[in-house]
Amino acid sequence: MGIDTIIYDWDGVFVDPKDLFWKSYNHLYDVGMSRLHFERREDFLDFFDTDWKNNLAKMGLDTEAAQEESITEYRRYFMANRKLLVYNKEMGDAFLRLKSFGFKQGIASNISNLDIIYEPLVKYGLHFDAVVNVDMAKKMKPDPTSILQCMDMMDVGASNCAYVGDSINDMKAGLAACVSLNIGIEWGIERPDNLVLAGADVIAKNPKQLVEIVMDKR
């Protein structure tokens, strides 16, 4: 039996978070928590590492207390400005097409506030079979807990599951969860070659190709 279930990361896959990431990091500078300010989005993206602790250390936040305080402020700002997230309609259409073929589909995200996920789901009519965020999993990817919990909620096994993500930590989490197919994407935050090095089995250039990849493994 082939793949009948797909679990996705949220930000980077269904929404483009790059502008909000950039502004959220600059906000930490504005409130005196960071020593780095990025005039251009391109400069920020060159700096950005999907590992929180690496970013925070480079910003001068090298103690656990300072990192926790900055993460709390970052999440507050991110939540307050979530309308800056850009919905990917092509990905929404891909989700609906896969749903019409009978695939189970879930979300395993490092986002802490579920409203950031559920508001677009309601607005665009995307009805997932399971949604797990970091507050439910209690651990952030690359730990696979959120993916494993998502599988449990849908009553599926790893051998029938594909995972789709845009970051190095996503690919590491998919490997650790032993999914049958670990899919990286080109439209996210990380370079495709880095996703392959982190464990991606295949790279989808766009949502249409993602559908083709999954259908081929059904």
# chains A, B, ... in the order shown; residues from 1 in each chain; ligands from 1
>>> residues_around(residues="segment 28-33 of chain A", least_positions_apart="6", cutoff="8 Å", atoms="only C-alpha atoms", output="PyMOL selection string")
chain A and resi 61+70+73-74
>>> residues_around(residues="Pro207 of chain A", least_positions_apart="3", cutoff="12 Å", atoms="only C-alpha atoms", output="PyMOL selection string")
chain A and resi 13-14+88-98+164+183-188+203-204+210-214
>>> write_last_selection(atoms="N, CA and C atoms", output="PDB file, in the first residue's frame")
ATOM      1  N   VAL A  13       4.820  26.773   3.759  1.00  0.00           N
ATOM      2  CA  VAL A  13       4.148  25.876   2.815  1.00  0.00           C
ATOM      3  C   VAL A  13       2.834  26.491   2.335  1.00  0.00           C
ATOM      4  N   PHE A  14       1.943  26.811   3.291  1.00  0.00           N
ATOM      5  CA  PHE A  14       0.638  27.382   2.935  1.00  0.00           C
ATOM      6  C   PHE A  14       0.612  28.903   3.006  1.00  0.00           C
ATOM      7  N   ASN A  88      -0.899  31.254   0.183  1.00  0.00           N
ATOM      8  CA  ASN A  88      -0.513  30.671  -1.099  1.00  0.00           C
ATOM      9  C   ASN A  88      -1.726  29.953  -1.692  1.00  0.00           C
ATOM     10  N   LYS A  89      -2.425  30.616  -2.603  1.00  0.00           N
ATOM     11  CA  LYS A  89      -3.640  30.046  -3.187  1.00  0.00           C
ATOM     12  C   LYS A  89      -3.356  28.766  -3.961  1.00  0.00           C
ATOM     13  N   GLU A  90      -2.222  28.712  -4.650  1.00  0.00           N
ATOM     14  CA  GLU A  90      -1.887  27.497  -5.397  1.00  0.00           C
ATOM     15  C   GLU A  90      -1.756  26.301  -4.454  1.00  0.00           C
ATOM     16  N   MET A  91      -1.216  26.541  -3.258  1.00  0.00           N
ATOM     17  CA  MET A  91      -1.092  25.457  -2.298  1.00  0.00           C
ATOM     18  C   MET A  91      -2.465  25.072  -1.750  1.00  0.00           C
ATOM     19  N   GLY A  92      -3.316  26.062  -1.538  1.00  0.00           N
ATOM     20  CA  GLY A  92      -4.680  25.761  -1.105  1.00  0.00           C
ATOM     21  C   GLY A  92      -5.420  24.925  -2.139  1.00  0.00           C
ATOM     22  N   ASP A  93      -5.232  25.261  -3.412  1.00  0.00           N
ATOM     23  CA  ASP A  93      -5.866  24.485  -4.489  1.00  0.00           C
ATOM     24  C   ASP A  93      -5.321  23.059  -4.522  1.00  0.00           C
ATOM     25  N   ALA A  94      -4.005  22.913  -4.282  1.00  0.00           N
ATOM     26  CA  ALA A  94      -3.395  21.584  -4.249  1.00  0.00           C
ATOM     27  C   ALA A  94      -3.986  20.750  -3.112  1.00  0.00           C
ATOM     28  N   PHE A  95      -4.163  21.380  -1.952  1.00  0.00           N
ATOM     29  CA  PHE A  95      -4.780  20.693  -0.810  1.00  0.00           C
ATOM     30  C   PHE A  95      -6.172  20.183  -1.182  1.00  0.00           C
ATOM     31  N   LEU A  96      -6.983  21.041  -1.797  1.00  0.00           N
ATOM     32  CA  LEU A  96      -8.352  20.665  -2.150  1.00  0.00           C
ATOM     33  C   LEU A  96      -8.368  19.542  -3.186  1.00  0.00           C
ATOM     34  N   ARG A  97      -7.438  19.578  -4.121  1.00  0.00           N
ATOM     35  CA  ARG A  97      -7.373  18.519  -5.117  1.00  0.00           C
ATOM     36  C   ARG A  97      -7.020  17.190  -4.467  1.00  0.00           C
ATOM     37  N   LEU A  98      -6.020  17.208  -3.575  1.00  0.00           N
ATOM     38  CA  LEU A  98      -5.637  15.975  -2.891  1.00  0.00           C
ATOM     39  C   LEU A  98      -6.760  15.469  -1.995  1.00  0.00           C
ATOM     40  N   VAL A 164       5.672  17.229   4.290  1.00  0.00           N
ATOM     41  CA  VAL A 164       6.040  18.339   3.409  1.00  0.00           C
ATOM     42  C   VAL A 164       6.502  19.515   4.258  1.00  0.00           C
ATOM     43  N   ILE A 183       9.296  15.373   1.725  1.00  0.00           N
ATOM     44  CA  ILE A 183       9.231  16.269   0.576  1.00  0.00           C
ATOM     45  C   ILE A 183       9.617  17.688   0.972  1.00  0.00           C
ATOM     46  N   GLY A 184      10.653  18.220   0.329  1.00  0.00           N
ATOM     47  CA  GLY A 184      11.004  19.625   0.484  1.00  0.00           C
ATOM     48  C   GLY A 184      10.356  20.445  -0.610  1.00  0.00           C
ATOM     49  N   ILE A 185      10.254  21.757  -0.401  1.00  0.00           N
ATOM     50  CA  ILE A 185       9.621  22.623  -1.388  1.00  0.00           C
ATOM     51  C   ILE A 185      10.550  23.775  -1.763  1.00  0.00           C
ATOM     52  N   GLU A 186      10.378  24.284  -2.980  1.00  0.00           N
ATOM     53  CA  GLU A 186      11.234  25.380  -3.462  1.00  0.00           C
ATOM     54  C   GLU A 186      10.718  26.751  -3.070  1.00  0.00           C
ATOM     55  N   TRP A 187       9.449  26.870  -2.673  1.00  0.00           N
ATOM     56  CA  TRP A 187       8.874  28.194  -2.435  1.00  0.00           C
ATOM     57  C   TRP A 187       8.923  28.606  -0.962  1.00  0.00           C
ATOM     58  N   GLY A 188       9.699  27.893  -0.161  1.00  0.00           N
ATOM     59  CA  GLY A 188       9.766  28.199   1.258  1.00  0.00           C
ATOM     60  C   GLY A 188      10.974  29.021   1.641  1.00  0.00           C
ATOM     61  N   ILE A 203      12.268  17.217  -4.110  1.00  0.00           N
ATOM     62  CA  ILE A 203      11.933  18.632  -3.984  1.00  0.00           C
ATOM     63  C   ILE A 203      10.804  18.960  -4.959  1.00  0.00           C
ATOM     64  N   ALA A 204       9.734  19.550  -4.451  1.00  0.00           N
ATOM     65  CA  ALA A 204       8.634  20.013  -5.297  1.00  0.00           C
ATOM     66  C   ALA A 204       8.895  21.457  -5.697  1.00  0.00           C
ATOM     67  N   LEU A 210       3.888  19.137  -6.503  1.00  0.00           N
ATOM     68  CA  LEU A 210       3.702  18.412  -5.239  1.00  0.00           C
ATOM     69  C   LEU A 210       2.579  17.389  -5.377  1.00  0.00           C
ATOM     70  N   VAL A 211       1.465  17.797  -5.976  1.00  0.00           N
ATOM     71  CA  VAL A 211       0.349  16.872  -6.198  1.00  0.00           C
ATOM     72  C   VAL A 211       0.809  15.692  -7.045  1.00  0.00           C
ATOM     73  N   GLU A 212       1.567  15.957  -8.103  1.00  0.00           N
ATOM     74  CA  GLU A 212       2.045  14.898  -8.995  1.00  0.00           C
ATOM     75  C   GLU A 212       2.961  13.926  -8.254  1.00  0.00           C
ATOM     76  N   ILE A 213       3.822  14.452  -7.400  1.00  0.00           N
ATOM     77  CA  ILE A 213       4.746  13.609  -6.637  1.00  0.00           C
ATOM     78  C   ILE A 213       3.978  12.671  -5.725  1.00  0.00           C
ATOM     79  N   VAL A 214       3.004  13.209  -5.021  1.00  0.00           N
ATOM     80  CA  VAL A 214       2.242  12.385  -4.074  1.00  0.00           C
ATOM     81  C   VAL A 214       1.382  11.356  -4.814  1.00  0.00           C
TER      82      VAL A 214
END
>>> closest_residue(among="A:Lys123, A:Arg191, A:Lys205, A:Arg35", to="Leu56 of chain A", atoms="only C-alpha atoms")
A:Arg35
>>> residues_around(residues="segment 8-12 of chain A", least_positions_apart="5", cutoff="9 Å", atoms="only C-alpha atoms", output="PyMOL selection string")
chain A and resi 17-18+85+105-111+117+147+162-167+170+185+187-189
>>> write_last_selection(atoms="N, CA and C atoms", output="tab-separated table (two decimals), in the first residue's frame")
chain	number	residue	atom	x	y	z
A	17	PRO	N	5.87	33.52	5.06
A	17	PRO	CA	6.12	34.30	6.27
A	17	PRO	C	7.33	35.21	6.20
A	18	LYS	N	7.99	35.30	5.04
A	18	LYS	CA	9.30	35.95	5.00
A	18	LYS	C	9.26	37.41	5.47
A	85	LEU	N	1.13	37.69	6.87
A	85	LEU	CA	1.36	36.40	6.24
A	85	LEU	C	0.60	36.35	4.92
A	105	GLN	N	-5.08	14.57	5.44
A	105	GLN	CA	-4.09	15.64	5.46
A	105	GLN	C	-4.08	16.33	6.81
A	106	GLY	N	-2.88	16.55	7.32
A	106	GLY	CA	-2.73	17.18	8.63
A	106	GLY	C	-1.63	18.23	8.63
A	107	ILE	N	-1.56	18.97	9.74
A	107	ILE	CA	-0.54	20.00	9.93
A	107	ILE	C	0.24	19.69	11.20
A	108	ALA	N	1.57	19.81	11.11
A	108	ALA	CA	2.45	19.72	12.27
A	108	ALA	C	3.35	20.95	12.24
A	109	SER	N	3.08	21.90	13.12
A	109	SER	CA	3.72	23.21	13.03
A	109	SER	C	4.42	23.60	14.32
A	110	ASN	N	5.50	24.37	14.18
A	110	ASN	CA	6.18	24.96	15.33
A	110	ASN	C	5.52	26.23	15.82
A	111	ILE	N	4.47	26.70	15.14
A	111	ILE	CA	3.75	27.91	15.57
A	111	ILE	C	3.06	27.64	16.90
A	117	ILE	N	-2.94	29.63	12.56
A	117	ILE	CA	-3.23	28.57	11.60
A	117	ILE	C	-4.71	28.53	11.25
A	147	ILE	N	4.73	15.59	14.40
A	147	ILE	CA	4.36	14.73	13.27
A	147	ILE	C	3.75	13.43	13.78
A	162	ALA	N	3.45	10.91	3.92
A	162	ALA	CA	4.45	11.85	3.39
A	162	ALA	C	4.46	13.08	4.28
A	163	TYR	N	5.61	13.69	4.41
A	163	TYR	CA	5.72	14.95	5.14
A	163	TYR	C	6.26	16.02	4.22
A	164	VAL	N	5.67	17.23	4.29
A	164	VAL	CA	6.04	18.34	3.41
A	164	VAL	C	6.50	19.51	4.26
A	165	GLY	N	7.73	20.01	4.00
A	165	GLY	CA	8.23	21.13	4.78
A	165	GLY	C	9.19	21.98	3.98
A	166	ASP	N	9.53	23.14	4.55
A	166	ASP	CA	10.39	24.10	3.84
A	166	ASP	C	11.68	24.41	4.57
A	167	SER	N	11.95	23.71	5.67
A	167	SER	CA	13.13	24.04	6.46
A	167	SER	C	13.97	22.80	6.74
A	170	ASP	N	12.40	20.80	9.39
A	170	ASP	CA	11.29	19.99	8.88
A	170	ASP	C	11.81	18.66	8.35
A	185	ILE	N	10.25	21.76	-0.40
A	185	ILE	CA	9.62	22.62	-1.39
A	185	ILE	C	10.55	23.77	-1.76
A	187	TRP	N	9.45	26.87	-2.67
A	187	TRP	CA	8.87	28.19	-2.44
A	187	TRP	C	8.92	28.61	-0.96
A	188	GLY	N	9.70	27.89	-0.16
A	188	GLY	CA	9.77	28.20	1.26
A	188	GLY	C	10.97	29.02	1.64
A	189	ILE	N	11.41	28.88	2.89
A	189	ILE	CA	12.45	29.73	3.46
A	189	ILE	C	13.86	29.23	3.15
>>> select_by_dssp(residues="segment 51-124 of chain A", states="helix (DSSP H, G or I)", output="ChimeraX atom specification")
/A:52-58,64-80,82-84,89-100,114-124
>>> write_last_selection(atoms="C-alpha atoms", output="PDB file, in the first residue's frame")
ATOM      1  CA  TRP A  52      16.162  29.570  16.728  1.00  0.00           C
ATOM      2  CA  LYS A  53      19.137  29.315  19.048  1.00  0.00           C
ATOM      3  CA  ASN A  54      21.662  29.958  16.279  1.00  0.00           C
ATOM      4  CA  ASN A  55      19.814  33.131  15.286  1.00  0.00           C
ATOM      5  CA  LEU A  56      19.466  34.379  18.840  1.00  0.00           C
ATOM      6  CA  ALA A  57      23.128  33.784  19.630  1.00  0.00           C
ATOM      7  CA  LYS A  58      24.182  35.797  16.575  1.00  0.00           C
ATOM      8  CA  GLU A  64      18.656  31.102  28.331  1.00  0.00           C
ATOM      9  CA  ALA A  65      16.791  33.896  30.130  1.00  0.00           C
ATOM     10  CA  ALA A  66      17.440  36.405  27.326  1.00  0.00           C
ATOM     11  CA  GLN A  67      16.399  33.885  24.693  1.00  0.00           C
ATOM     12  CA  GLU A  68      13.159  33.026  26.465  1.00  0.00           C
ATOM     13  CA  GLU A  69      12.289  36.718  26.879  1.00  0.00           C
ATOM     14  CA  SER A  70      13.005  37.442  23.230  1.00  0.00           C
ATOM     15  CA  ILE A  71      10.984  34.435  22.015  1.00  0.00           C
ATOM     16  CA  THR A  72       8.008  35.598  24.067  1.00  0.00           C
ATOM     17  CA  GLU A  73       8.233  39.097  22.585  1.00  0.00           C
ATOM     18  CA  TYR A  74       8.774  37.727  19.081  1.00  0.00           C
ATOM     19  CA  ARG A  75       5.652  35.574  19.329  1.00  0.00           C
ATOM     20  CA  ARG A  76       3.609  38.483  20.669  1.00  0.00           C
ATOM     21  CA  TYR A  77       4.639  40.691  17.754  1.00  0.00           C
ATOM     22  CA  PHE A  78       4.186  37.865  15.232  1.00  0.00           C
ATOM     23  CA  MET A  79       0.663  37.187  16.500  1.00  0.00           C
ATOM     24  CA  ALA A  80      -0.293  40.875  16.475  1.00  0.00           C
ATOM     25  CA  ARG A  82      -0.194  37.886  11.452  1.00  0.00           C
ATOM     26  CA  LYS A  83      -2.148  39.601   8.655  1.00  0.00           C
ATOM     27  CA  LEU A  84       1.237  40.135   6.974  1.00  0.00           C
ATOM     28  CA  LYS A  89      -3.640  30.046  -3.187  1.00  0.00           C
ATOM     29  CA  GLU A  90      -1.887  27.497  -5.397  1.00  0.00           C
ATOM     30  CA  MET A  91      -1.092  25.457  -2.298  1.00  0.00           C
ATOM     31  CA  GLY A  92      -4.680  25.761  -1.105  1.00  0.00           C
ATOM     32  CA  ASP A  93      -5.866  24.485  -4.489  1.00  0.00           C
ATOM     33  CA  ALA A  94      -3.395  21.584  -4.249  1.00  0.00           C
ATOM     34  CA  PHE A  95      -4.780  20.693  -0.810  1.00  0.00           C
ATOM     35  CA  LEU A  96      -8.352  20.665  -2.150  1.00  0.00           C
ATOM     36  CA  ARG A  97      -7.373  18.519  -5.117  1.00  0.00           C
ATOM     37  CA  LEU A  98      -5.637  15.975  -2.891  1.00  0.00           C
ATOM     38  CA  LYS A  99      -8.639  15.988  -0.578  1.00  0.00           C
ATOM     39  CA  SER A 100     -10.881  15.161  -3.541  1.00  0.00           C
ATOM     40  CA  LEU A 114      -3.368  28.101  16.856  1.00  0.00           C
ATOM     41  CA  ASP A 115      -5.258  31.206  15.701  1.00  0.00           C
ATOM     42  CA  ILE A 116      -2.418  31.894  13.254  1.00  0.00           C
ATOM     43  CA  ILE A 117      -3.229  28.567  11.603  1.00  0.00           C
ATOM     44  CA  TYR A 118      -7.005  28.337  12.035  1.00  0.00           C
ATOM     45  CA  GLU A 119      -7.926  31.819  10.818  1.00  0.00           C
ATOM     46  CA  PRO A 120      -6.721  31.158   7.240  1.00  0.00           C
ATOM     47  CA  LEU A 121      -8.145  27.619   7.335  1.00  0.00           C
ATOM     48  CA  VAL A 122     -11.608  28.985   8.078  1.00  0.00           C
ATOM     49  CA  LYS A 123     -11.261  31.887   5.641  1.00  0.00           C
ATOM     50  CA  TYR A 124     -10.217  29.699   2.708  1.00  0.00           C
TER      51      TYR A 124
END
>>> atom_distance(atom1="atom CA of Arg40 of chain A", atom2="atom CA of Asp19 of chain A")
10.3 Å
>>> closest_residue(among="A:Asn133, A:Ser24, A:Asn206, A:Thr145", to="Lys172 of chain A", atoms="only C-alpha atoms")
A:Thr145
>>> atom_distance(atom1="atom CA of Ile168 of chain A", atom2="atom CA of Ala198 of chain A")
5.6 Å
>>> atom_distance(atom1="atom CA of Phe21 of chain A", atom2="atom CA of Thr5 of chain A")
29.4 Å
>>> select_by_dssp(residues="segment 11-103 of chain A", states="strand (DSSP E)", output="list of chain:residue names")
A:Val15, A:Asp16, A:Val86, A:Tyr87
>>> closest_residue(among="A:Asp16, A:Glu190, A:Asp135, A:Asp201", to="Asp49 of chain A", atoms="only C-alpha atoms")
A:Glu190
>>> decode(residues="segment 75-106 of chain A", atoms="N, CA and C atoms", output="mmCIF file, in the first residue's frame")
data_model
loop_
_atom_site.group_PDB
_atom_site.id
_atom_site.type_symbol
_atom_site.label_atom_id
_atom_site.label_comp_id
_atom_site.auth_asym_id
_atom_site.auth_seq_id
_atom_site.Cartn_x
_atom_site.Cartn_y
_atom_site.Cartn_z
ATOM 1 N N ARG A 75 6.959 36.204 19.568
ATOM 2 C CA ARG A 75 5.652 35.574 19.329
ATOM 3 C C ARG A 75 4.509 36.564 19.513
ATOM 4 N N ARG A 76 4.645 37.466 20.475
ATOM 5 C CA ARG A 76 3.609 38.483 20.669
ATOM 6 C C ARG A 76 3.503 39.370 19.438
ATOM 7 N N TYR A 77 4.639 39.830 18.939
ATOM 8 C CA TYR A 77 4.639 40.691 17.754
ATOM 9 C C TYR A 77 4.134 39.927 16.533
ATOM 10 N N PHE A 78 4.589 38.691 16.372
ATOM 11 C CA PHE A 78 4.186 37.865 15.232
ATOM 12 C C PHE A 78 2.666 37.680 15.238
ATOM 13 N N MET A 79 2.103 37.385 16.383
ATOM 14 C CA MET A 79 0.663 37.187 16.500
ATOM 15 C C MET A 79 -0.095 38.475 16.172
ATOM 16 N N ALA A 80 0.391 39.599 16.689
ATOM 17 C CA ALA A 80 -0.293 40.875 16.475
ATOM 18 C C ALA A 80 -0.258 41.313 15.020
ATOM 19 N N ASN A 81 0.733 40.814 14.266
ATOM 20 C CA ASN A 81 0.911 41.250 12.872
ATOM 21 C C ASN A 81 0.722 40.102 11.878
ATOM 22 N N ARG A 82 -0.034 39.087 12.276
ATOM 23 C CA ARG A 82 -0.194 37.886 11.452
ATOM 24 C C ARG A 82 -0.862 38.143 10.103
ATOM 25 N N LYS A 83 -1.531 39.282 9.947
ATOM 26 C CA LYS A 83 -2.148 39.601 8.655
ATOM 27 C C LYS A 83 -1.107 39.833 7.565
ATOM 28 N N LEU A 84 0.170 39.981 7.952
ATOM 29 C CA LEU A 84 1.237 40.135 6.974
ATOM 30 C C LEU A 84 1.622 38.803 6.322
ATOM 31 N N LEU A 85 1.128 37.692 6.872
ATOM 32 C CA LEU A 85 1.364 36.400 6.243
ATOM 33 C C LEU A 85 0.599 36.345 4.917
ATOM 34 N N VAL A 86 1.260 35.888 3.868
ATOM 35 C CA VAL A 86 0.660 35.874 2.527
ATOM 36 C C VAL A 86 0.210 34.453 2.189
ATOM 37 N N TYR A 87 -1.094 34.286 2.018
ATOM 38 C CA TYR A 87 -1.663 32.971 1.715
ATOM 39 C C TYR A 87 -1.275 32.524 0.315
ATOM 40 N N ASN A 88 -0.899 31.254 0.183
ATOM 41 C CA ASN A 88 -0.513 30.671 -1.099
ATOM 42 C C ASN A 88 -1.726 29.953 -1.692
ATOM 43 N N LYS A 89 -2.425 30.616 -2.603
ATOM 44 C CA LYS A 89 -3.640 30.046 -3.187
ATOM 45 C C LYS A 89 -3.356 28.766 -3.961
ATOM 46 N N GLU A 90 -2.222 28.712 -4.650
ATOM 47 C CA GLU A 90 -1.887 27.497 -5.397
ATOM 48 C C GLU A 90 -1.756 26.301 -4.454
ATOM 49 N N MET A 91 -1.216 26.541 -3.258
ATOM 50 C CA MET A 91 -1.092 25.457 -2.298
ATOM 51 C C MET A 91 -2.465 25.072 -1.750
ATOM 52 N N GLY A 92 -3.316 26.062 -1.538
ATOM 53 C CA GLY A 92 -4.680 25.761 -1.105
ATOM 54 C C GLY A 92 -5.420 24.925 -2.139
ATOM 55 N N ASP A 93 -5.232 25.261 -3.412
ATOM 56 C CA ASP A 93 -5.866 24.485 -4.489
ATOM 57 C C ASP A 93 -5.321 23.059 -4.522
ATOM 58 N N ALA A 94 -4.005 22.913 -4.282
ATOM 59 C CA ALA A 94 -3.395 21.584 -4.249
ATOM 60 C C ALA A 94 -3.986 20.750 -3.112
ATOM 61 N N PHE A 95 -4.163 21.380 -1.952
ATOM 62 C CA PHE A 95 -4.780 20.693 -0.810
ATOM 63 C C PHE A 95 -6.172 20.183 -1.182
ATOM 64 N N LEU A 96 -6.983 21.041 -1.797
ATOM 65 C CA LEU A 96 -8.352 20.665 -2.150
ATOM 66 C C LEU A 96 -8.368 19.542 -3.186
ATOM 67 N N ARG A 97 -7.438 19.578 -4.121
ATOM 68 C CA ARG A 97 -7.373 18.519 -5.117
ATOM 69 C C ARG A 97 -7.020 17.190 -4.467
ATOM 70 N N LEU A 98 -6.020 17.208 -3.575
ATOM 71 C CA LEU A 98 -5.637 15.975 -2.891
ATOM 72 C C LEU A 98 -6.760 15.469 -1.995
ATOM 73 N N LYS A 99 -7.491 16.383 -1.401
ATOM 74 C CA LYS A 99 -8.639 15.988 -0.578
ATOM 75 C C LYS A 99 -9.696 15.284 -1.432
ATOM 76 N N SER A 100 -9.888 15.774 -2.655
ATOM 77 C CA SER A 100 -10.881 15.161 -3.541
ATOM 78 C C SER A 100 -10.480 13.743 -3.940
ATOM 79 N N PHE A 101 -9.168 13.441 -3.889
ATOM 80 C CA PHE A 101 -8.678 12.103 -4.191
ATOM 81 C C PHE A 101 -8.699 11.189 -2.966
ATOM 82 N N GLY A 102 -9.116 11.708 -1.818
ATOM 83 C CA GLY A 102 -9.276 10.894 -0.623
ATOM 84 C C GLY A 102 -8.098 10.848 0.324
ATOM 85 N N PHE A 103 -7.086 11.702 0.106
ATOM 86 C CA PHE A 103 -5.948 11.724 1.022
ATOM 87 C C PHE A 103 -6.337 12.330 2.364
ATOM 88 N N LYS A 104 -5.855 11.732 3.454
ATOM 89 C CA LYS A 104 -5.911 12.379 4.758
ATOM 90 C C LYS A 104 -4.805 13.424 4.793
ATOM 91 N N GLN A 105 -5.079 14.569 5.436
ATOM 92 C CA GLN A 105 -4.091 15.643 5.459
ATOM 93 C C GLN A 105 -4.080 16.332 6.815
ATOM 94 N N GLY A 106 -2.881 16.551 7.321
ATOM 95 C CA GLY A 106 -2.735 17.182 8.628
ATOM 96 C C GLY A 106 -1.632 18.226 8.631
#
